[in-house]
$ cat my_file.cif   # mmCIF, C-alpha atoms
data_input
#
loop_
_atom_site.label_atom_id
_atom_site.label_comp_id
_atom_site.auth_asym_id
_atom_site.auth_seq_id
_atom_site.Cartn_x
_atom_site.Cartn_y
_atom_site.Cartn_z
CA MET A 1 151.33 126.62 186.95
CA LEU A 2 150.77 122.88 187.21
CA SER A 3 151.24 121.01 183.95
CA THR A 4 147.97 119.10 183.86
CA ASN A 5 145.02 119.14 181.48
CA LEU A 6 142.75 120.35 184.28
CA LYS A 7 141.55 123.92 184.65
CA HIS A 8 143.84 125.73 187.07
CA ILE A 9 142.93 128.03 189.92
CA GLN A 10 145.60 130.70 189.68
CA SER A 11 144.50 133.46 192.02
CA GLU A 12 142.41 134.14 195.09
CA SER A 13 139.68 135.78 193.01
CA ASP A 14 139.69 132.81 190.67
CA PHE A 15 139.20 130.50 193.66
CA HIS A 16 136.30 132.51 195.10
CA GLN A 17 134.69 132.91 191.68
CA THR A 18 134.87 129.17 191.02
CA LEU A 19 133.23 128.39 194.36
CA SER A 20 130.49 130.99 194.01
CA ASP A 21 129.65 130.09 190.40
CA ASN A 22 129.50 126.32 190.89
CA GLU A 23 127.60 124.09 193.25
CA ASN A 24 130.03 121.16 193.20
CA VAL A 25 133.77 121.71 193.03
CA MET A 26 136.71 119.36 193.55
CA VAL A 27 140.09 121.05 194.05
CA CYS A 28 143.37 119.15 194.13
CA CYS A 29 146.06 121.28 195.72
CA GLY A 30 149.56 119.94 195.14
CA ARG A 31 152.81 120.02 193.22
CA MET A 32 153.99 118.05 190.21
CA GLY A 33 155.17 115.28 192.50
CA PRO A 34 154.79 111.51 192.53
CA MET A 35 151.88 111.50 194.97
CA CYS A 36 150.01 114.32 193.21
CA ILE A 37 150.26 113.33 189.53
CA PRO A 38 148.13 110.18 189.88
CA VAL A 39 145.34 112.24 191.49
CA TYR A 40 145.38 114.79 188.65
CA ASP A 41 145.23 111.88 186.19
CA VAL A 42 142.23 110.40 187.98
CA MET A 43 140.48 113.80 187.89
CA GLU A 44 141.14 114.18 184.16
CA LYS A 45 139.67 110.75 183.59
CA LEU A 46 136.58 111.37 185.73
CA GLU A 47 135.86 114.93 184.56
CA PRO A 48 133.72 113.91 181.55
CA LYS A 49 131.71 111.50 183.70
CA TYR A 50 130.73 114.18 186.21
CA PRO A 51 129.57 117.20 184.19
CA HIS A 52 127.85 118.60 187.28
CA VAL A 53 131.19 118.80 189.12
CA GLN A 54 133.95 121.31 188.40
CA PHE A 55 137.44 119.79 188.59
CA ARG A 56 140.32 122.15 189.35
CA ASP A 57 143.95 121.97 190.37
CA LEU A 58 145.72 124.54 192.48
CA GLU A 59 149.44 124.98 193.00
CA PHE A 60 150.30 124.27 196.63
CA ASP A 61 153.04 126.91 196.69
CA GLY A 62 151.23 129.37 194.40
CA PRO A 63 149.50 132.63 195.30
CA ALA A 64 146.18 130.95 196.10
CA GLY A 65 147.63 127.88 197.79
CA HIS A 66 147.04 129.28 201.27
CA LEU A 67 143.29 129.20 200.66
CA ILE A 68 143.44 125.42 200.79
CA ARG A 69 146.43 125.08 203.14
CA ASN A 70 144.72 127.18 205.81
CA LEU A 71 141.32 125.51 205.73
CA PRO A 72 140.43 124.10 209.16
CA GLU A 73 139.41 120.86 207.45
CA VAL A 74 143.00 120.19 206.36
CA ARG A 75 144.60 120.99 209.71
CA GLY A 76 146.94 118.14 210.52
CA PHE A 77 147.32 117.04 206.90
CA ASN A 78 150.92 116.33 206.05
CA GLY A 79 150.79 114.40 202.81
CA LEU A 80 150.43 115.94 199.36
CA PRO A 81 148.14 116.52 197.61
CA PHE A 82 145.38 118.08 199.69
CA THR A 83 142.15 117.31 197.85
CA VAL A 84 139.08 119.24 198.93
CA TYR A 85 135.48 118.83 197.81
CA PHE A 86 133.18 121.85 198.04
CA ARG A 87 129.40 121.85 197.86
CA LYS A 88 127.77 125.28 197.68
CA GLY A 89 131.06 126.79 198.82
CA LYS A 90 131.35 124.61 201.93
CA VAL A 91 133.88 121.84 202.45
CA VAL A 92 132.14 118.48 202.45
CA ALA A 93 135.18 116.20 202.24
CA ALA A 94 138.96 116.46 202.25
CA THR A 95 141.74 113.93 201.78
CA SER A 96 145.49 113.98 202.22
CA SER A 97 148.06 112.13 200.09
CA ILE A 98 147.61 109.95 197.01
CA GLN A 99 144.13 108.63 196.18
CA ASN A 100 143.12 106.19 193.49
CA ARG A 101 140.16 106.33 191.14
CA LYS A 102 138.01 104.19 193.40
CA GLN A 103 138.61 106.42 196.43
CA VAL A 104 137.91 109.61 194.47
CA THR A 105 134.81 108.11 192.86
CA GLU A 106 133.43 107.07 196.24
CA ILE A 107 133.58 110.67 197.47
CA LEU A 108 132.16 112.11 194.25
CA GLU A 109 129.26 109.65 194.36
CA ARG A 110 128.62 110.27 198.03
CA GLU A 111 128.88 114.06 198.05
CA PHE A 112 127.86 115.05 194.54
CA ALA A 113 125.35 112.39 193.53
CA PRO A 114 123.48 113.64 190.43
CA ALA A 115 120.14 113.22 192.23
CA GLN A 116 121.38 115.64 194.88
CA ALA A 117 122.79 118.02 192.31
CA SER A 118 119.54 118.21 190.38
CA ALA A 119 117.16 117.96 193.32
CA GLY A 120 113.83 119.42 192.34
CA ALA A 121 114.66 119.57 188.67
CA ALA A 122 112.76 117.57 186.09
CA VAL A 123 114.67 114.52 184.90
CA MET B 1 131.11 96.68 172.76
CA VAL B 2 133.89 94.38 171.52
CA LYS B 3 137.23 95.90 170.50
CA ARG B 4 139.60 93.70 168.53
CA TYR B 5 143.36 94.07 168.62
CA ASP B 6 146.46 92.14 167.61
CA ALA B 7 147.87 92.60 171.09
CA ILE B 8 146.70 93.85 174.46
CA ILE B 9 149.21 95.06 177.00
CA LEU B 10 148.11 95.06 180.61
CA GLY B 11 150.09 97.72 182.43
CA GLY B 12 151.47 101.02 181.22
CA GLY B 13 154.79 101.28 183.03
CA PRO B 14 158.14 101.23 181.22
CA ALA B 15 157.76 97.55 180.25
CA GLY B 16 154.24 97.98 178.89
CA LEU B 17 154.91 101.25 177.08
CA THR B 18 158.08 99.84 175.50
CA ALA B 19 156.20 96.75 174.34
CA GLY B 20 153.60 99.12 172.87
CA ILE B 21 156.25 101.11 171.00
CA TYR B 22 157.69 97.93 169.46
CA LEU B 23 154.30 96.45 168.57
CA GLY B 24 153.08 99.76 167.16
CA ARG B 25 156.17 100.05 165.00
CA ALA B 26 155.47 96.50 163.77
CA ARG B 27 152.06 97.89 162.66
CA LEU B 28 150.16 95.67 165.02
CA LYS B 29 146.97 97.06 166.45
CA THR B 30 147.74 97.42 170.14
CA ALA B 31 145.91 98.54 173.27
CA ILE B 32 147.64 99.44 176.52
CA ILE B 33 145.36 99.19 179.55
CA ASP B 34 146.28 100.41 183.03
CA SER B 35 144.17 100.70 186.15
CA GLY B 36 146.26 103.67 187.26
CA SER B 37 148.33 106.39 185.65
CA LEU B 38 150.50 105.53 182.65
CA GLY B 39 154.15 105.41 183.67
CA GLY B 40 153.78 102.99 186.58
CA GLN B 41 156.27 103.20 189.43
CA MET B 42 158.49 105.30 187.17
CA ILE B 43 156.35 108.39 187.79
CA MET B 44 157.04 107.98 191.50
CA THR B 45 160.70 108.79 190.89
CA TYR B 46 161.74 112.41 191.10
CA ALA B 47 165.07 112.10 189.35
CA VAL B 48 166.30 109.27 187.16
CA ALA B 49 170.04 109.49 186.55
CA ASN B 50 170.88 105.97 185.40
CA TYR B 51 168.75 105.68 182.27
CA PRO B 52 171.29 105.56 179.43
CA GLY B 53 171.04 108.41 176.96
CA VAL B 54 169.36 110.70 179.46
CA LEU B 55 171.64 112.66 181.77
CA GLU B 56 168.91 113.22 184.35
CA ALA B 57 165.16 113.54 184.06
CA SER B 58 162.11 113.05 186.23
CA GLY B 59 160.42 109.70 186.00
CA ARG B 60 157.30 111.51 184.87
CA ASP B 61 159.09 113.15 181.95
CA ILE B 62 160.50 109.83 180.78
CA ALA B 63 157.05 108.26 181.15
CA MET B 64 155.41 111.07 179.16
CA THR B 65 157.95 110.64 176.36
CA MET B 66 157.38 106.87 176.26
CA LYS B 67 153.63 107.47 176.24
CA ALA B 68 153.92 109.94 173.36
CA GLN B 69 156.11 107.45 171.45
CA ALA B 70 153.62 104.62 171.94
CA LYS B 71 150.77 106.88 170.85
CA SER B 72 152.67 108.09 167.80
CA PHE B 73 153.03 104.48 166.64
CA GLY B 74 149.29 103.95 166.89
CA CYS B 75 148.84 102.38 170.32
CA GLU B 76 145.50 103.05 171.96
CA LEU B 77 145.98 103.99 175.60
CA PHE B 78 143.46 103.41 178.39
CA SER B 79 144.49 104.65 181.84
CA ASN B 80 142.67 104.75 185.18
CA VAL B 81 140.22 102.10 184.05
CA GLU B 82 138.86 99.14 185.96
CA VAL B 83 139.53 95.70 184.55
CA THR B 84 136.64 93.51 185.65
CA ASN B 85 137.51 90.18 184.05
CA ILE B 86 140.45 88.53 182.35
CA GLU B 87 140.32 85.32 180.33
CA LEU B 88 143.68 84.19 179.01
CA SER B 89 143.04 80.58 177.99
CA GLY B 90 142.15 79.78 174.41
CA ASP B 91 143.29 81.32 171.17
CA GLU B 92 141.50 84.62 171.70
CA LYS B 93 142.09 86.33 175.04
CA THR B 94 139.42 88.63 176.45
CA ILE B 95 139.76 91.52 178.86
CA GLU B 96 136.64 93.23 180.15
CA VAL B 97 137.00 96.85 181.12
CA GLU B 98 134.33 98.89 182.87
CA ASP B 99 132.93 101.67 180.68
CA GLU B 100 135.18 100.64 177.75
CA GLY B 101 133.84 97.21 176.75
CA THR B 102 135.45 93.90 175.94
CA PHE B 103 138.95 93.82 174.47
CA VAL B 104 139.87 90.76 172.42
CA ALA B 105 143.29 89.77 171.04
CA PRO B 106 145.36 86.65 170.35
CA VAL B 107 148.24 88.11 172.35
CA VAL B 108 148.38 89.53 175.86
CA ILE B 109 151.51 90.98 177.42
CA ILE B 110 151.29 91.21 181.21
CA ALA B 111 153.26 94.18 182.46
CA THR B 112 151.31 95.02 185.57
CA GLY B 113 154.39 95.76 187.67
CA GLY B 114 154.23 95.94 191.42
CA VAL B 115 152.11 97.51 194.11
CA PRO B 116 153.57 98.98 197.29
CA ARG B 117 153.97 96.43 200.06
CA THR B 118 152.02 97.35 203.17
CA LEU B 119 152.73 96.49 206.80
CA GLY B 120 149.28 94.98 207.25
CA ILE B 121 148.55 97.07 210.33
CA PRO B 122 145.13 98.80 210.40
CA SER B 123 146.63 102.02 211.79
CA GLU B 124 148.78 102.38 208.67
CA ALA B 125 145.74 103.45 206.65
CA GLU B 126 144.38 105.51 209.54
CA PHE B 127 147.41 107.81 209.61
CA LYS B 128 148.05 107.99 205.86
CA GLY B 129 148.51 111.70 205.10
CA ARG B 130 148.43 112.43 208.84
CA GLY B 131 151.93 111.28 209.62
CA ILE B 132 152.41 108.27 207.41
CA SER B 133 153.96 108.96 204.04
CA TYR B 134 155.52 107.07 201.18
CA CYS B 135 157.44 109.92 199.58
CA ALA B 136 160.17 111.85 201.40
CA THR B 137 160.60 114.32 198.55
CA CYS B 138 156.87 115.09 198.49
CA ASP B 139 156.16 115.37 202.19
CA GLY B 140 159.52 115.86 203.90
CA ASP B 141 159.00 119.60 204.46
CA PHE B 142 155.89 118.94 206.56
CA PHE B 143 158.21 117.42 209.16
CA THR B 144 160.68 120.26 209.55
CA GLY B 145 162.15 120.15 213.05
CA LYS B 146 160.25 116.98 213.94
CA ASN B 147 161.22 113.39 214.75
CA VAL B 148 160.44 110.86 212.05
CA VAL B 149 160.82 107.14 211.51
CA ALA B 150 161.88 105.53 208.23
CA ILE B 151 160.83 101.92 207.83
CA GLY B 152 162.85 99.60 205.60
CA GLY B 153 166.41 98.63 204.80
CA GLY B 154 166.75 98.82 201.02
CA ASN B 155 168.29 101.58 198.93
CA THR B 156 165.15 103.72 198.97
CA ALA B 157 164.76 103.55 202.74
CA ILE B 158 168.39 104.39 203.45
CA GLU B 159 168.77 107.11 200.81
CA GLU B 160 165.48 108.75 201.75
CA SER B 161 166.43 108.65 205.43
CA VAL B 162 169.44 110.79 204.66
CA ALA B 163 167.30 113.07 202.45
CA LEU B 164 164.83 113.52 205.33
CA THR B 165 167.57 114.90 207.62
CA LYS B 166 167.32 118.09 205.54
CA TYR B 167 164.02 118.72 207.33
CA ALA B 168 163.61 116.43 210.33
CA SER B 169 165.47 116.86 213.61
CA SER B 170 166.01 113.10 213.83
CA VAL B 171 165.38 110.08 211.63
CA THR B 172 165.15 106.62 213.17
CA VAL B 173 165.59 103.84 210.65
CA VAL B 174 163.62 100.77 211.69
CA HIS B 175 164.46 97.54 209.88
CA GLU B 176 163.27 93.96 210.24
CA PHE B 177 166.68 92.33 209.68
CA ASP B 178 170.08 92.67 211.36
CA HIS B 179 171.64 93.94 208.14
CA PHE B 180 170.67 96.26 205.30
CA GLN B 181 169.92 95.36 201.70
CA ALA B 182 171.00 98.83 200.58
CA HIS B 183 174.36 99.44 198.88
CA PRO B 184 177.22 99.85 201.38
CA PHE B 185 177.84 103.37 200.06
CA ALA B 186 174.29 104.44 200.99
CA VAL B 187 174.52 102.74 204.40
CA ASP B 188 177.82 104.50 205.14
CA GLN B 189 176.27 107.85 204.27
CA ALA B 190 173.43 107.18 206.69
CA ARG B 191 175.75 105.92 209.45
CA ASN B 192 177.87 109.04 209.12
CA ASN B 193 174.87 111.35 209.49
CA PRO B 194 174.45 112.37 213.16
CA LYS B 195 170.69 112.79 212.73
CA VAL B 196 170.16 109.17 211.63
CA HIS B 197 169.68 106.43 214.23
CA PHE B 198 169.04 102.73 213.76
CA LEU B 199 166.81 100.11 215.34
CA MET B 200 167.42 96.68 213.84
CA GLU B 201 165.44 93.42 213.91
CA GLN B 202 162.19 95.15 214.74
CA ASP B 203 158.55 94.40 213.98
CA ILE B 204 156.23 97.38 213.59
CA ARG B 205 153.40 96.78 216.03
CA GLU B 206 151.31 99.96 215.93
CA PHE B 207 151.06 103.57 214.88
CA VAL B 208 149.60 105.65 217.69
CA GLY B 209 148.14 109.15 217.89
CA THR B 210 144.93 111.09 218.33
CA ASP B 211 144.40 113.10 215.15
CA ASN B 212 147.96 112.78 213.91
CA LEU B 213 150.74 110.28 214.41
CA GLU B 214 152.53 110.68 217.73
CA LYS B 215 154.53 107.49 218.19
CA VAL B 216 155.48 104.23 216.58
CA ILE B 217 155.49 101.05 218.65
CA VAL B 218 158.03 98.41 217.66
CA ALA B 219 159.13 95.10 219.15
CA HIS B 220 162.42 93.28 218.83
CA LYS B 221 161.95 90.21 216.67
CA ARG B 222 163.92 87.85 218.90
CA THR B 223 163.58 89.24 222.43
CA GLY B 224 160.11 90.77 222.07
CA GLU B 225 161.30 93.93 223.83
CA VAL B 226 158.86 96.74 223.04
CA THR B 227 160.09 100.23 222.21
CA GLU B 228 157.97 103.35 221.79
CA ILE B 229 159.48 105.81 219.34
CA PRO B 230 158.08 109.35 219.62
CA ALA B 231 157.57 110.41 216.00
CA GLU B 232 155.26 112.75 214.12
CA GLY B 233 156.13 111.16 210.81
CA ALA B 234 156.68 107.63 209.55
CA PHE B 235 157.95 107.03 206.03
CA ILE B 236 157.36 103.54 204.75
CA PHE B 237 159.81 102.15 202.19
CA ILE B 238 159.37 98.39 202.27
CA GLY B 239 159.30 97.69 198.58
CA TYR B 240 156.75 96.27 196.21
CA VAL B 241 154.89 93.03 195.63
CA PRO B 242 154.01 91.79 192.14
CA ASN B 243 150.63 92.98 190.95
CA THR B 244 149.47 89.57 189.76
CA ASP B 245 146.50 88.59 191.93
CA MET B 246 144.17 88.78 188.94
CA PHE B 247 146.19 86.12 187.08
CA LYS B 248 146.16 83.47 189.82
CA GLY B 249 144.98 80.18 188.39
CA GLN B 250 145.50 81.36 184.82
CA VAL B 251 149.27 81.64 184.37
CA ALA B 252 152.03 79.96 186.34
CA LEU B 253 153.27 82.02 189.29
CA ASN B 254 156.04 81.27 191.76
CA ASP B 255 155.49 81.25 195.52
CA ARG B 256 156.06 85.02 195.64
CA GLY B 257 153.32 85.61 193.10
CA GLU B 258 155.72 86.49 190.28
CA ILE B 259 154.88 85.29 186.77
CA ILE B 260 157.14 82.57 185.48
CA ALA B 261 158.36 83.39 181.97
CA ASP B 262 161.22 82.12 179.82
CA GLU B 263 163.96 84.10 178.10
CA SER B 264 161.55 85.20 175.37
CA MET B 265 159.11 86.39 178.10
CA GLN B 266 156.72 83.58 177.16
CA THR B 267 154.55 82.31 180.02
CA ASP B 268 153.09 78.81 180.24
CA LEU B 269 150.16 79.97 178.09
CA PRO B 270 150.56 80.34 174.31
CA GLY B 271 150.17 83.97 173.30
CA VAL B 272 150.66 85.28 176.83
CA TYR B 273 153.90 87.06 177.72
CA ALA B 274 155.14 88.75 180.88
CA ALA B 275 157.45 91.75 181.17
CA GLY B 276 158.80 93.98 183.91
CA ASP B 277 158.42 93.75 187.66
CA SER B 278 155.49 91.33 187.60
CA ARG B 279 157.68 88.48 186.37
CA VAL B 280 160.35 86.42 188.10
CA LYS B 281 163.58 88.37 187.91
CA ARG B 282 166.38 89.55 190.12
CA TYR B 283 166.93 93.17 189.14
CA ARG B 284 164.02 95.58 188.90
CA GLN B 285 165.06 98.74 187.13
CA ILE B 286 163.57 100.95 184.41
CA THR B 287 166.29 99.64 182.11
CA THR B 288 165.45 95.99 182.78
CA ALA B 289 161.72 96.68 182.38
CA VAL B 290 162.38 98.33 179.03
CA ALA B 291 164.45 95.31 177.96
CA ASP B 292 161.68 92.92 179.00
CA GLY B 293 159.09 94.97 177.11
CA SER B 294 161.14 94.93 173.91
CA ILE B 295 161.73 91.17 174.11
CA ALA B 296 158.08 90.41 174.91
CA ALA B 297 156.93 92.53 171.96
CA MET B 298 159.35 90.91 169.52
CA SER B 299 158.42 87.43 170.72
CA ALA B 300 154.73 88.31 170.41
CA THR B 301 155.27 89.65 166.89
CA GLU B 302 156.93 86.38 165.89
CA TYR B 303 154.12 84.41 167.51
CA LEU B 304 151.52 86.36 165.55
CA ARG B 305 153.44 85.92 162.29
CA ASN B 306 153.72 82.16 162.77
CA ARG B 307 150.11 81.94 163.85
CA LEU B 308 148.97 83.33 160.49
CA GLN B 309 150.88 80.67 158.56
CA PRO B 310 149.73 77.08 158.31
CA ALA B 311 152.08 74.93 160.36
CA SER B 312 153.17 73.05 157.20
CA SER B 313 154.55 76.22 155.62
CA VAL B 314 156.87 76.93 158.54
CA LYS B 315 160.30 75.52 157.73
CA ASN B 316 162.37 74.04 160.45
CA VAL B 317 165.85 75.43 160.48
CA ALA B 318 168.47 72.88 161.46
#

$ encode --input "my_file.cif" --output "structure tokens"
Amino acid sequence: MLSTNLKHIQSESDFHQTLSDNENVMVCCGRMGPMCIPVYDVMEKLEPKYPHVQFRDLEFDGPAGHLIRNLPEVRGFNGLPFTVYFRKGKVVAATSSIQNRKQVTEILEREFAPAQASAGAAV
Amino acid sequence: MVKRYDAIILGGGPAGLTAGIYLGRARLKTAIIDSGSLGGQMIMTYAVANYPGVLEASGRDIAMTMKAQAKSFGCELFSNVEVTNIELSGDEKTIEVEDEGTFVAPVVIIATGGVPRTLGIPSEAEFKGRGISYCATCDGDFFTGKNVVAIGGGNTAIEESVALTKYASSVTVVHEFDHFQAHPFAVDQARNNPKVHFLMEQDIREFVGTDNLEKVIVAHKRTGEVTEIPAEGAFIFIGYVPNTDMFKGQVALNDRGEIIADESMQTDLPGVYAAGDSRVKRYRQITTAVADGSIAAMSATEYLRNRLQPASSVKNVA
């Protein structure tokens, strides 16, 4: 298990449940390595600011790692971590290697803008 | 919202965290602000074996211990935040931080460290994570049985080139000079490895590929001769540049952008100190950063103590 303060996806069923129960999900799939840790830190920092997004980590070499590793959207990636953004269970963005807060925020804003998340709901 | 402190430390690497530990122990209200993860470049190191008192530990573990120490002495830590404005002149320094407010203190310690040097080629960003990497330990296994290039000539470049031979079928070291900056021991190890090859005095011209990196184009610095190196991976180890852009025009920098500070880590501005890799120094190690941080904190403590006393009450010691 990754030693972060994020919620962990630990099994295939956990992965599928998370995607079916939540509209917006960001999953960072990595190890406890130098390129991955900064991304987990950014996610921990941004989590309270995006209550409509579920932030999860997933161990690259763990039992559910293949669910990210084998996604067509990450074919050709060869830098950890693989960070994948899901909207209604579909991949809407994916990045390889280290990302900073600005880069992550740009994707969150673009793909999971609150207006989109609450479309049709009274504000 | 305005937050008042005795000291603000910009940067949470080993220099900044050490300064925080010392200031916290001196019961000074201290904030440590970092635009990235606390730990700085230290967390990029898998194994640290030359930090006295620790046989071997990951850089992250050492960073986490330093962070816990700083916190235990009362430091307030702010990581992954965006600093939008810095004003260091005057008696009270102000730092504006998005979402957190305005931080005010009579003392600022600059410990912003370094940021990775880039080649300045557009295709470097294009192939990041698709062939271009900055961490052999993290990404080496993606290149099992493949040809890779390692760019640089310092200790990291040479040592990581040898480490990459565990996975890659060949490693071509490309360096801009005709000699290496790495220790002779490391160079010998690389020279004795049959998988490691060398191309010296080369400029990196381009990274080429469709979806993923396929080759690296280099040119000889003197003759201009162009060489295409077939490679699915390129590991870039060309060092760091001081992270001081935000201080230009406020504190004195040398021509490399490093902050000029004296033996007590004092810059040309009263109340402003520099510590770690952002200042002018020869050796950049965790140990030297820790030393800088301690000195800057003790100098700052003395500055604050003297500042509270009227000048007439301070005795000159002959």

$ resolve_selection --input "my_file.cif" --expression "the PyMOL selection byres ((chain A) within 10 of (chain B))" --output "PyMOL selection string"
chain A and resi 30-46+74-82+95-98+100-102

$ write_last_selection --input "my_file.cif" --atoms "C-alpha atoms" --output "mmCIF file, keeping the file's coordinate frame"
data_model
loop_
_atom_site.group_PDB
_atom_site.id
_atom_site.type_symbol
_atom_site.label_atom_id
_atom_site.label_comp_id
_atom_site.auth_asym_id
_atom_site.auth_seq_id
_atom_site.Cartn_x
_atom_site.Cartn_y
_atom_site.Cartn_z
ATOM 1 C CA GLY A 30 149.560 119.940 195.140
ATOM 2 C CA ARG A 31 152.810 120.020 193.220
ATOM 3 C CA MET A 32 153.990 118.050 190.210
ATOM 4 C CA GLY A 33 155.170 115.280 192.500
ATOM 5 C CA PRO A 34 154.790 111.510 192.530
ATOM 6 C CA MET A 35 151.880 111.500 194.970
ATOM 7 C CA CYS A 36 150.010 114.320 193.210
ATOM 8 C CA ILE A 37 150.260 113.330 189.530
ATOM 9 C CA PRO A 38 148.130 110.180 189.880
ATOM 10 C CA VAL A 39 145.340 112.240 191.490
ATOM 11 C CA TYR A 40 145.380 114.790 188.650
ATOM 12 C CA ASP A 41 145.230 111.880 186.190
ATOM 13 C CA VAL A 42 142.230 110.400 187.980
ATOM 14 C CA MET A 43 140.480 113.800 187.890
ATOM 15 C CA GLU A 44 141.140 114.180 184.160
ATOM 16 C CA LYS A 45 139.670 110.750 183.590
ATOM 17 C CA LEU A 46 136.580 111.370 185.730
ATOM 18 C CA VAL A 74 143.000 120.190 206.360
ATOM 19 C CA ARG A 75 144.600 120.990 209.710
ATOM 20 C CA GLY A 76 146.940 118.140 210.520
ATOM 21 C CA PHE A 77 147.320 117.040 206.900
ATOM 22 C CA ASN A 78 150.920 116.330 206.050
ATOM 23 C CA GLY A 79 150.790 114.400 202.810
ATOM 24 C CA LEU A 80 150.430 115.940 199.360
ATOM 25 C CA PRO A 81 148.140 116.520 197.610
ATOM 26 C CA PHE A 82 145.380 118.080 199.690
ATOM 27 C CA THR A 95 141.740 113.930 201.780
ATOM 28 C CA SER A 96 145.490 113.980 202.220
ATOM 29 C CA SER A 97 148.060 112.130 200.090
ATOM 30 C CA ILE A 98 147.610 109.950 197.010
ATOM 31 C CA ASN A 100 143.120 106.190 193.490
ATOM 32 C CA ARG A 101 140.160 106.330 191.140
ATOM 33 C CA LYS A 102 138.010 104.190 193.400
#

$ resolve_selection --input "my_file.cif" --expression "the PyMOL selection byres ((chain A and resi 63) around 12)" --output "number ranges by chain"
A: 1, 9-15, 29, 58-62, 64-69

$ resolve_selection --input "my_file.cif" --expression "the PyMOL selection byres ((chain B and resi 157) around 12)" --output "PyMOL selection string"
chain B and resi 134-136+149-156+158-164+171-175+180-183+186-187+190+196+198+234-239

$ atom_distance --input "my_file.cif" --atom1 "CA of Ile260 in chain B" --atom2 "CA of Gly12 in chain B"
19.8 Å

$ atom_distance --input "my_file.cif" --atom1 "CA of Ile9 in chain B" --atom2 "CA of Gln99 in chain A"
24.0 Å

$ residues_around --input "my_file.cif" --residues "Val107 in chain B" --least-positions-apart "4" --cutoff "8 Å" --atoms "all atoms listed in the file" --output "compact mmCIF listing (two decimals) with C-alpha atoms, keeping the file's coordinate frame"
# COMPACT_ATOMS: atom_id res chain seq x y z
CA ASP B 6 146.46 92.14 167.61
CA ALA B 7 147.87 92.60 171.09
CA ILE B 8 146.70 93.85 174.46
CA GLU B 92 141.50 84.62 171.70
CA LYS B 93 142.09 86.33 175.04
CA GLY B 271 150.17 83.97 173.30
CA VAL B 272 150.66 85.28 176.83
CA TYR B 273 153.90 87.06 177.72
CA ALA B 300 154.73 88.31 170.41
CA LEU B 304 151.52 86.36 165.55

$ build_atoms --input "my_file.cif" --residues "range 168-179 of chain B" --atoms "N, CA and C atoms" --output "PDB file, in the frame of the given file"
ATOM      1  N   ALA B 168     163.932 116.980 209.009  1.00  0.00           N
ATOM      2  CA  ALA B 168     163.610 116.430 210.330  1.00  0.00           C
ATOM      3  C   ALA B 168     164.757 116.649 211.323  1.00  0.00           C
ATOM      4  N   SER B 169     164.410 116.711 212.619  1.00  0.00           N
ATOM      5  CA  SER B 169     165.470 116.860 213.610  1.00  0.00           C
ATOM      6  C   SER B 169     166.134 115.513 213.880  1.00  0.00           C
ATOM      7  N   SER B 170     165.383 114.422 213.725  1.00  0.00           N
ATOM      8  CA  SER B 170     166.010 113.100 213.830  1.00  0.00           C
ATOM      9  C   SER B 170     165.239 112.102 212.964  1.00  0.00           C
ATOM     10  N   VAL B 171     165.983 111.133 212.453  1.00  0.00           N
ATOM     11  CA  VAL B 171     165.380 110.080 211.630  1.00  0.00           C
ATOM     12  C   VAL B 171     165.807 108.735 212.217  1.00  0.00           C
ATOM     13  N   THR B 172     164.833 107.949 212.658  1.00  0.00           N
ATOM     14  CA  THR B 172     165.150 106.620 213.170  1.00  0.00           C
ATOM     15  C   THR B 172     164.798 105.589 212.109  1.00  0.00           C
ATOM     16  N   VAL B 173     165.814 104.889 211.648  1.00  0.00           N
ATOM     17  CA  VAL B 173     165.590 103.840 210.650  1.00  0.00           C
ATOM     18  C   VAL B 173     165.229 102.558 211.391  1.00  0.00           C
ATOM     19  N   VAL B 174     164.065 102.010 211.070  1.00  0.00           N
ATOM     20  CA  VAL B 174     163.620 100.770 211.690  1.00  0.00           C
ATOM     21  C   VAL B 174     163.605  99.683 210.619  1.00  0.00           C
ATOM     22  N   HIS B 175     164.342  98.590 210.896  1.00  0.00           N
ATOM     23  CA  HIS B 175     164.460  97.540 209.880  1.00  0.00           C
ATOM     24  C   HIS B 175     164.196  96.175 210.504  1.00  0.00           C
ATOM     25  N   GLU B 176     163.655  95.274 209.691  1.00  0.00           N
ATOM     26  CA  GLU B 176     163.270  93.960 210.240  1.00  0.00           C
ATOM     27  C   GLU B 176     164.461  92.999 210.380  1.00  0.00           C
ATOM     28  N   PHE B 177     165.540  93.242 209.619  1.00  0.00           N
ATOM     29  CA  PHE B 177     166.680  92.330 209.680  1.00  0.00           C
ATOM     30  C   PHE B 177     167.849  92.941 210.471  1.00  0.00           C
ATOM     31  N   ASP B 178     168.910  92.145 210.645  1.00  0.00           N
ATOM     32  CA  ASP B 178     170.080  92.670 211.360  1.00  0.00           C
ATOM     33  C   ASP B 178     171.103  93.281 210.410  1.00  0.00           C
ATOM     34  N   HIS B 179     170.753  93.340 209.130  1.00  0.00           N
ATOM     35  CA  HIS B 179     171.640  93.940 208.140  1.00  0.00           C
ATOM     36  C   HIS B 179     170.782  94.652 207.092  1.00  0.00           C
TER      37      HIS B 179
END
